[in-house]
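**Student:** So here's upload.cif (mmCIF, C-alpha atoms).
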```
data_structure
#
loop_
_atom_site.group_PDB
_atom_site.id
_atom_site.type_symbol
_atom_site.label_atom_id
_atom_site.label_comp_id
_atom_site.auth_asym_id
_atom_site.auth_seq_id
_atom_site.Cartn_x
_atom_site.Cartn_y
_atom_site.Cartn_z
ATOM 1 C CA MET A 234 -8.604 13.136 -16.966
ATOM 2 C CA GLU A 235 -10.014 10.829 -14.298
ATOM 3 C CA LEU A 236 -7.325 9.798 -11.835
ATOM 4 C CA LYS A 237 -7.693 6.804 -9.531
ATOM 5 C CA GLN A 238 -5.802 5.649 -6.482
ATOM 6 C CA TYR A 239 -3.001 3.159 -7.315
ATOM 7 C CA GLN A 240 -2.777 4.153 -10.972
ATOM 8 C CA VAL A 241 0.714 4.475 -12.408
ATOM 9 C CA VAL A 242 1.134 7.845 -14.109
ATOM 10 C CA LEU A 243 4.039 9.512 -15.872
ATOM 11 C CA VAL A 244 5.005 12.685 -13.969
ATOM 12 C CA ASN A 245 7.469 15.521 -14.473
ATOM 13 C CA PRO A 246 8.467 16.374 -10.854
ATOM 14 C CA ASP A 247 10.948 19.135 -11.749
ATOM 15 C CA PRO A 248 11.930 21.473 -10.302
ATOM 16 C CA THR A 249 13.254 19.514 -7.357
ATOM 17 C CA ILE A 250 15.919 20.290 -4.775
ATOM 18 C CA GLY A 251 18.432 18.318 -2.740
ATOM 19 C CA SER A 252 17.779 14.588 -2.468
ATOM 20 C CA GLU A 253 14.316 14.653 -4.054
ATOM 21 C CA ILE A 254 13.838 12.266 -6.978
ATOM 22 C CA LYS A 255 14.329 14.099 -10.246
ATOM 23 C CA LYS A 256 13.398 13.746 -13.928
ATOM 24 C CA THR A 257 10.216 12.552 -15.607
ATOM 25 C CA ARG A 258 9.254 9.144 -14.249
ATOM 26 C CA PRO A 259 6.376 6.831 -13.413
ATOM 27 C CA CYS A 260 4.683 7.505 -10.094
ATOM 28 C CA VAL A 261 1.865 5.825 -8.190
ATOM 29 C CA ILE A 262 -1.142 7.886 -7.106
ATOM 30 C CA ILE A 263 -1.699 7.153 -3.419
ATOM 31 C CA SER A 264 -4.294 9.818 -2.599
ATOM 32 C CA PRO A 265 -7.869 8.541 -2.213
ATOM 33 C CA ASP A 266 -10.310 8.882 -5.103
ATOM 34 C CA GLU A 267 -12.313 11.553 -3.208
ATOM 35 C CA ILE A 268 -9.255 13.826 -3.212
ATOM 36 C CA ASN A 269 -8.373 12.944 -6.789
ATOM 37 C CA LYS A 270 -11.857 13.887 -7.970
ATOM 38 C CA PHE A 271 -12.302 17.230 -6.220
ATOM 39 C CA LEU A 272 -8.835 18.778 -5.789
ATOM 40 C CA ASN A 273 -6.350 20.009 -8.374
ATOM 41 C CA THR A 274 -3.606 18.071 -6.598
ATOM 42 C CA VAL A 275 -2.815 14.395 -6.044
ATOM 43 C CA ILE A 276 -0.480 12.628 -3.646
ATOM 44 C CA ILE A 277 2.078 10.456 -5.415
ATOM 45 C CA ALA A 278 4.969 8.148 -4.660
ATOM 46 C CA PRO A 279 7.659 8.119 -7.356
ATOM 47 C CA MET A 280 8.999 4.925 -8.859
ATOM 48 C CA THR A 281 12.580 4.019 -9.631
ATOM 49 C CA SER A 282 14.198 1.263 -11.667
ATOM 50 C CA GLN A 283 17.152 0.877 -9.299
ATOM 51 C CA SER A 284 16.822 0.467 -5.564
ATOM 52 C CA LYS A 285 18.173 -1.342 -2.568
ATOM 53 C CA LYS A 286 15.795 -3.405 -0.453
ATOM 54 C CA TYR A 287 14.780 -0.548 1.839
ATOM 55 C CA PRO A 288 11.732 -1.250 4.054
ATOM 56 C CA THR A 289 9.984 1.790 2.544
ATOM 57 C CA ARG A 290 10.138 0.478 -1.040
ATOM 58 C CA VAL A 291 7.733 -1.903 -2.777
ATOM 59 C CA GLU A 292 8.908 -3.969 -5.718
ATOM 60 C CA VAL A 293 6.452 -3.862 -8.633
ATOM 61 C CA LYS A 294 6.226 -4.991 -12.236
ATOM 62 C CA HIS A 295 5.627 -2.058 -14.585
ATOM 63 C CA GLY A 296 5.311 -3.185 -18.167
ATOM 64 C CA ALA A 297 8.192 -5.574 -18.806
ATOM 65 C CA LYS A 298 10.361 -3.935 -16.136
ATOM 66 C CA THR A 299 10.831 -4.404 -12.429
ATOM 67 C CA GLY A 300 10.728 -1.208 -10.416
ATOM 68 C CA TRP A 301 10.181 0.068 -6.906
ATOM 69 C CA VAL A 302 7.576 2.417 -5.470
ATOM 70 C CA VAL A 303 9.548 4.847 -3.291
ATOM 71 C CA LEU A 304 7.269 5.460 -0.309
ATOM 72 C CA ASP A 305 9.925 7.495 1.504
ATOM 73 C CA GLN A 306 9.570 10.200 -1.199
ATOM 74 C CA ILE A 307 5.787 10.816 -1.052
ATOM 75 C CA ARG A 308 4.767 14.261 -2.282
ATOM 76 C CA THR A 309 1.762 16.262 -3.428
ATOM 77 C CA ILE A 310 1.776 17.530 -7.008
ATOM 78 C CA ASP A 311 -0.530 19.571 -9.194
ATOM 79 C CA LYS A 312 -2.378 17.465 -11.770
ATOM 80 C CA GLN A 313 -0.740 19.545 -14.506
ATOM 81 C CA ARG A 314 2.513 17.640 -13.836
ATOM 82 C CA ILE A 315 0.885 14.383 -15.025
ATOM 83 C CA ILE A 316 1.830 13.577 -18.601
ATOM 84 C CA LYS A 317 -0.147 10.348 -19.061
ATOM 85 C CA ILE A 318 -1.854 7.444 -17.281
ATOM 86 C CA SER A 319 -0.226 4.110 -17.977
ATOM 87 C CA ASP A 320 -1.156 1.256 -15.644
ATOM 88 C CA THR A 321 -2.553 0.161 -12.274
ATOM 89 C CA LEU A 322 -0.848 -1.771 -9.482
ATOM 90 C CA THR A 323 -1.892 -5.377 -8.872
ATOM 91 C CA ASP A 324 -3.924 -6.270 -5.773
ATOM 92 C CA THR A 325 -0.814 -7.760 -4.129
ATOM 93 C CA GLU A 326 1.231 -4.625 -4.847
ATOM 94 C CA ILE A 327 -1.579 -2.424 -3.504
ATOM 95 C CA GLU A 328 -1.665 -4.388 -0.240
ATOM 96 C CA GLN A 329 2.103 -4.007 0.180
ATOM 97 C CA VAL A 330 1.892 -0.253 -0.480
ATOM 98 C CA ARG A 331 -0.976 0.136 1.996
ATOM 99 C CA MET A 332 0.871 -1.822 4.693
ATOM 100 C CA ILE A 333 4.038 0.263 4.369
ATOM 101 C CA ILE A 334 2.125 3.577 4.303
ATOM 102 C CA LYS A 335 0.335 2.540 7.475
ATOM 103 C CA GLU A 336 3.637 1.652 9.149
ATOM 104 C CA LEU A 337 5.172 4.971 8.044
ATOM 105 C CA LEU A 338 2.337 7.341 8.897
ATOM 106 C CA VAL A 339 0.039 5.722 11.458
ATOM 107 C CA ASP A 340 0.898 4.844 15.061
#
```
Hey, can you dump this file as structure tokens for me?

**Tutor:**
Amino acid sequence: MELKQYQVVLVNPDPTIGSEIKKTRPCVIISPDEINKFLNTVIIAPMTSQSKKYPTRVEVKHGAKTGWVVLDQIRTIDKQRIIKISDTLTDTEIEQVRMIIKELLVD
């Protein structure tokens, strides 16, 4: 399975603890393609169908639904947790994700 940055994939994140997002859900791969190709892990941001307008969330269209990429819940997962590949973010959505990641993680 070839995984690419900004693909939407269906992931089973369980087991989780505390306030971590639970249950099988779409997630966006945010790790670079070099990592995705050579490691057995990928960095993902989960998606949710219900969210407030937090500054760490990006509104996206996924299929016929509106959802949010939850960039305050970034985590690394083993590729075995990925159930299927479903979609890719649009260029506009990618730019918004990149901007928020930079604000969160880079001085």

**Student:** Would you mind reading off the distance between CA of Gly251 (chain A) and CA of Glu292 (chain A), one decimal, in Å?

**Tutor:** 24.4 Å

**Student:** For the atom pair CA of Lys285 (chain A) and CA of Leu236 (chain A), what is the interatomic distance in Å to one decimal place?

**Tutor:**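 Atom-to-atom, CA of Lys285 (chain A) and CA of Leu236 (chain A) are spaced 29.3 Å apart.
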
**Student:** Any idea what the distance is between CA of Ile263 (chain A) and CA of Ile277 (chain A)?

**Tutor:**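 Between these atoms lies a distance of 5.4 Å.
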
**Student:** Evaluate the PyMOL selection byres ((chain A and resi 258) around 7) on the structure here and hand back the selected residues as a PyMOL selection string.

**Tutor:** chain A and resi 243-245+256-257+259-260+280

**Student:** Report the residues retrieved by the PyMOL selection byres ((chain A and resi 310) around 10) from the displayed file, expressed as a count of residues only.

**Tutor:** 16

**Student:** As AutoDock Vina command-line options, please: the centre and edge lengths in Å, to one decimal, of an axis-aligned box enclosing every listed atom of region 248-252 of chain A with 3 Å added on each side.

**Tutor:**
```
--center_x 15.2 --center_y 18.0 --center_z -6.4 --size_x 12.5 --size_y 12.9 --size_z 13.8
```

**Student:** Skipping near chain neighbours, those fewer than 3 positions away, what residues fall within 12 Å of Met332 (chain A) using all atoms listed in the file, listed as a PyMOL selection string?

**Tutor:** chain A and resi 288-291+304+325-329+335-339

**Student:** Name the residues, using the chain letters and numbers of the file, that sit within 12 Å of (-15.6, 6.7, -14.2) when counting all atoms listed in the file, and give them as a list in words.

**Tutor:** Met234, Glu235, Leu236, Lys237, Asp266 and Lys270 of chain A

**Student:** Can you spit out the residues from that selection as a PDB file, in the coordinates of the input, using C-alpha atoms?

**Tutor:**
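Output contents, as saved in again04.pdb:
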```pdb
ATOM      1  CA  MET A 234      -8.604  13.136 -16.966  1.00  0.00           C
ATOM      2  CA  GLU A 235     -10.014  10.829 -14.298  1.00  0.00           C
ATOM      3  CA  LEU A 236      -7.325   9.798 -11.835  1.00  0.00           C
ATOM      4  CA  LYS A 237      -7.693   6.804  -9.531  1.00  0.00           C
ATOM      5  CA  ASP A 266     -10.310   8.882  -5.103  1.00  0.00           C
ATOM      6  CA  LYS A 270     -11.857  13.887  -7.970  1.00  0.00           C
TER       7      LYS A 270
END
```

**Student:** Could you check the closest approach to Gln306 (chain A) for each of A:Tyr239, A:Ser264, A:Phe271, A:Ala278 and tell me which residue wins, using all atoms listed in the file?

**Tutor:** A:Ala278

**Student:** I need the residue set behind the PyMOL selection byres ((chain A and resi 283) around 10) for this file; please write it as a short mmCIF file (atom, residue, chain, number, x, y, z; two decimals) with C-alpha atoms, keeping the file's coordinate frame.

**Tutor:**
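Result file result22.cif:
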```
data_model
loop_
_atom_site.label_atom_id
_atom_site.label_comp_id
_atom_site.auth_asym_id
_atom_site.auth_seq_id
_atom_site.Cartn_x
_atom_site.Cartn_y
_atom_site.Cartn_z
CA MET A 280 9.00 4.92 -8.86
CA THR A 281 12.58 4.02 -9.63
CA SER A 282 14.20 1.26 -11.67
CA SER A 284 16.82 0.47 -5.56
CA LYS A 285 18.17 -1.34 -2.57
CA LYS A 286 15.80 -3.40 -0.45
CA THR A 299 10.83 -4.40 -12.43
CA GLY A 300 10.73 -1.21 -10.42
CA TRP A 301 10.18 0.07 -6.91
#
```

**Student:** When you count all atoms listed in the file, which of these residues is closest to Ser319 (chain A): A:Leu272, A:Ile334, A:Val261, A:Glu253?

**Tutor:**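 Comparing A:Leu272, A:Ile334, A:Val261, A:Glu253 against Ser319 (chain A), the winner is A:Val261.
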
**Student:** Within 12 Å of (5.6, -5.7, -18.7) in the file's own coordinates, which protein, DNA or RNA residues have an atom, counting all atoms listed in the file? List them as a list in words.

**Tutor:** Val293, Lys294, His295, Gly296, Ala297, Lys298, Thr299, Gly300, Ser319, Asp320, Thr321 and Leu322 of chain A
